[in-house]
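Asker: Below you will find the structure I want to go over with you.
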Amino acid sequence: MSFRDFLGNSATVTRLRESIATGRVPQSMILAGPRGAGKYTLALMLARAVNCTGSVSGDGTGFLAEDGLPDFCGRCHNCVRIGEAADLDARVAEAVEAREEMRDTDKKETRILIQTHPDVLIIPPDPPQLLIKLGQVRQVIHAAFYRRPVEGRRAFFLFTSSAFMKEAANSLLKVLEEPPAHATLILLSENPQELLPTIRSRAVTHRLGALPAEELETLLAARRPELKAQQRGLVARLAEGAVGRALGFDLAVWMASRQDALIVLRTALREPDYSTLFQATEKYRGGAEGQEKTVGLLRALGSLVEDLLLVSAGVPHLVRNIDLGPELGQMAQGVTVDWLDGASRALGQAESGMRRNLLRSLSLDAMALSLNGA
């Protein structure tokens, strides 16, 4: 694997490779783009390219691609070790499981960090709140200022989310104001506006744009031949232009989440059937599985609300749930701008409640009832 395998956003990839070639890798950087656009993959590629010890000549001075720009060999010790963090979900699950086996006193003080290479530290949102916490940032500060690269040329610290606790965000400013010369901090963000303005002003922002749905459909036809043409069209739009999300999109899971999301909307916009609603939300209980299902439901509901807004605005050709065109048209007749605004706020409150670990089924019921009165 190399930079040439990264699909789309060639201009951004080229700029990053040129920064390596000139020795001007930013000390702090924001990689912004939709979920599944490849932000994490590109960040790991950058870390590997900077620290690669392979070369065409075999002198260990770095690897150059055919176009003359830096790349990574994928075979040297550094490339292999950094690449072991590619499956982030699996690494986080291992870390969470290891923490659960600790004594209660140790568990409370332990934060989730991923490190498959001594010079690359990955900081994911800490469950169950799924926020970057103060303890994680403190460990980054300690490692950045008091440890120099051991096996690579440059240390990397990858924050995989822009959802910071307030104290953690303020603490991060300490390292951004005077970053060590041998380290690069990379913040991955779907929405950089979530970050403090003082953080954004201290970091170089690179954006990964969405690919056109037609390009994703062509890619899906080649990579996922099991999907029918209509399914490819649906997945390409639901992926919102993100290559990784399209290739890994589980359509069956999405359809199940969307079915429950439709029950919530129908309860709010039509004759309420609370028994059906309560039966649907009862499935969203505690545990990791319940949390994952709740996230899927909220995302499906968000996409439907956005589609209702598009239909109401007179641009139904832009909707993502293209197989629900007639029903979305009927629903849109009963909504107002105020209702759509209230629905958006209710979704935001539900997502906030999930971070505070509120009882999920009751939170979803409350959200559905608030939509009914929006």
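Lettering and numbering for the structure tokens are positional, with chains as A, B, ... in the shown order, residues counted from 1 in each chain, and ligands counted from 1 in the shown order.
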Using only C-alpha atoms, which protein or nucleic acid residues come within 9 Å of Trp254 of chain A? Drop anything in the same chain fewer than 6 positions from it, and give the result as number ranges by chain.
Answerer: A: 296-297, 300
Asker: Export C-alpha atoms of the chosen residues as a PDB file, in the first residue's frame?
Answerer:
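Saved to out-v8.pdb:
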```pdb
ATOM      1  CA  GLY A 296     -26.893   4.166  13.912  1.00  0.00           C
ATOM      2  CA  LEU A 297     -30.474   5.176  14.695  1.00  0.00           C
ATOM      3  CA  ALA A 300     -30.437   7.440  10.111  1.00  0.00           C
TER       4      ALA A 300
END
```
Asker: Quick one: residues within 8 Å of segment 45-54 of chain A, only C-alpha atoms, excluding same-chain residues fewer than 2 positions away - as a PyMOL selection string?
Answerer: chain A and resi 2-3+16-17+20+41-43+56+58-63+70-79+82-83+120+152-154+156
Asker: Those same residues - C-alpha atoms - I'd like them written as an mmCIF file, in the first residue's frame.
Answerer:
```cif
data_model
loop_
_atom_site.group_PDB
_atom_site.id
_atom_site.type_symbol
_atom_site.label_atom_id
_atom_site.label_comp_id
_atom_site.auth_asym_id
_atom_site.auth_seq_id
_atom_site.Cartn_x
_atom_site.Cartn_y
_atom_site.Cartn_z
ATOM 1 C CA SER A 2 1.155 3.560 -0.734
ATOM 2 C CA PHE A 3 -0.175 7.072 -1.325
ATOM 3 C CA LEU A 16 1.181 16.771 2.358
ATOM 4 C CA ARG A 17 3.823 14.815 0.446
ATOM 5 C CA ILE A 20 7.618 16.043 3.736
ATOM 6 C CA THR A 41 -5.869 6.415 6.864
ATOM 7 C CA LEU A 42 -4.153 9.501 5.469
ATOM 8 C CA ALA A 43 -2.779 10.474 8.893
ATOM 9 C CA VAL A 56 15.111 2.346 -3.507
ATOM 10 C CA GLY A 58 18.592 0.687 0.400
ATOM 11 C CA ASP A 59 20.361 3.426 2.369
ATOM 12 C CA GLY A 60 17.417 3.981 4.734
ATOM 13 C CA THR A 61 17.084 7.683 3.921
ATOM 14 C CA GLY A 62 13.421 7.528 2.967
ATOM 15 C CA PHE A 63 11.286 6.130 0.197
ATOM 16 C CA PRO A 70 8.007 10.932 -0.601
ATOM 17 C CA ASP A 71 6.060 7.733 -0.048
ATOM 18 C CA PHE A 72 6.438 4.750 2.278
ATOM 19 C CA CYS A 73 7.668 1.248 1.510
ATOM 20 C CA GLY A 74 5.194 -0.606 3.739
ATOM 21 C CA ARG A 75 7.844 -3.209 4.573
ATOM 22 C CA CYS A 76 10.345 -1.621 6.964
ATOM 23 C CA HIS A 77 10.028 -1.929 10.733
ATOM 24 C CA ASN A 78 8.490 1.518 11.173
ATOM 25 C CA CYS A 79 5.950 1.113 8.368
ATOM 26 C CA ILE A 82 2.604 2.044 12.482
ATOM 27 C CA GLY A 83 0.372 0.135 10.058
ATOM 28 C CA VAL A 120 3.069 7.296 17.171
ATOM 29 C CA GLY A 152 11.586 7.277 13.905
ATOM 30 C CA ARG A 153 12.512 10.743 12.713
ATOM 31 C CA ARG A 154 9.401 12.437 14.081
ATOM 32 C CA PHE A 156 3.096 11.857 15.823
#
```
Asker: Within 10 Å of segment 201-203 of chain A, counting only C-alpha atoms, which residues show up once you throw out same-chain ones fewer than 3 positions away? Write them as a ChimeraX atom specification, please.
Answerer: /A:26-31,173,176-179,185-187,196-198,206
Asker: Need the shell around segment 255-258 of chain A: protein/DNA/RNA residues with any atom at most 10 Å away, counting only C-alpha atoms. Skip same-chain ones fewer than 4 positions apart. Format as a VMD selection string?
Answerer: chain A and resid 250 to 251 262 to 264 280 293 to 304 321
Asker: Would you list the contacts of Pro149 of chain A as a ChimeraX atom specification, taking every protein, DNA or RNA residue within 8 Å and counting only C-alpha atoms, but skipping same-chain residues closer than 5 positions in sequence?
Answerer: /A:118-119,154-155,182
Asker: Only N, CA and C atoms, please: the residues just picked out, written as an mmCIF file, in the first residue's frame.
Answerer:
```cif
data_model
loop_
_atom_site.group_PDB
_atom_site.id
_atom_site.type_symbol
_atom_site.label_atom_id
_atom_site.label_comp_id
_atom_site.auth_asym_id
_atom_site.auth_seq_id
_atom_site.Cartn_x
_atom_site.Cartn_y
_atom_site.Cartn_z
ATOM 1 N N PRO A 118 6.474 3.160 19.091
ATOM 2 C CA PRO A 118 6.834 4.049 20.209
ATOM 3 C C PRO A 118 6.741 5.538 19.891
ATOM 4 N N ASP A 119 6.744 5.901 18.605
ATOM 5 C CA ASP A 119 6.725 7.320 18.250
ATOM 6 C C ASP A 119 5.396 7.778 17.663
ATOM 7 N N ARG A 154 10.345 11.456 13.546
ATOM 8 C CA ARG A 154 9.401 12.437 14.081
ATOM 9 C C ARG A 154 8.299 11.714 14.844
ATOM 10 N N ALA A 155 7.886 12.298 15.963
ATOM 11 C CA ALA A 155 6.784 11.731 16.749
ATOM 12 C C ALA A 155 5.461 12.293 16.236
ATOM 13 N N HIS A 182 10.185 18.334 17.273
ATOM 14 C CA HIS A 182 10.287 16.969 16.777
ATOM 15 C C HIS A 182 8.936 16.253 16.721
#
```
Asker: Considering only strand (DSSP E or B) as DSSP defines it on the backbone, what residues of segment 167-270 of chain A qualify? List them as a list in words.
Answerer: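 DSSP-assigned strand (DSSP E or B) residues in segment 167-270 of chain A: Ala183, Thr184, Leu185, Ile186, Leu187, Leu188, Ser189, Val204, Thr205, His206 and Arg207 of chain A.
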Asker: Could you please take those selected residues and save C-alpha atoms as a PDB file, in the first residue's frame?
Answerer:
```pdb
ATOM      1  CA  ALA A 183       6.524  16.313  17.034  1.00  0.00           C
ATOM      2  CA  THR A 184       3.372  16.731  14.951  1.00  0.00           C
ATOM      3  CA  LEU A 185      -0.144  16.805  16.395  1.00  0.00           C
ATOM      4  CA  ILE A 186      -2.938  15.814  13.997  1.00  0.00           C
ATOM      5  CA  LEU A 187      -6.587  16.402  14.874  1.00  0.00           C
ATOM      6  CA  LEU A 188      -9.168  14.544  12.788  1.00  0.00           C
ATOM      7  CA  SER A 189     -12.501  16.287  12.572  1.00  0.00           C
ATOM      8  CA  VAL A 204      -2.890  24.117   9.545  1.00  0.00           C
ATOM      9  CA  THR A 205      -6.160  22.774   8.125  1.00  0.00           C
ATOM     10  CA  HIS A 206      -6.279  20.309   5.233  1.00  0.00           C
ATOM     11  CA  ARG A 207      -9.711  19.312   3.952  1.00  0.00           C
TER      12      ARG A 207
END
```
Asker: Near Pro124 of chain A, counting only C-alpha atoms, which residues have an atom at most 8 Å away, once you skip same-chain residues fewer than 4 positions from it, shown as a VMD selection string?
Answerer: chain A and resid 92 112 to 114 132 159 to 161
Asker: So which one's closest to Leu7 of chain A, A:Arg147, A:Thr336, A:Ala246, A:Ala346? Using only C-alpha atoms, please.
Answerer: A:Ala246
Asker: Compare A:Ala32, A:Ala144, A:Ala90, A:Leu347 by their minimum atom-to-atom distance to Pro192 of chain A, counting only C-alpha atoms, and give me the closest one.
Answerer: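 With only C-alpha atoms as the atom set, the closest residue is A:Ala32.
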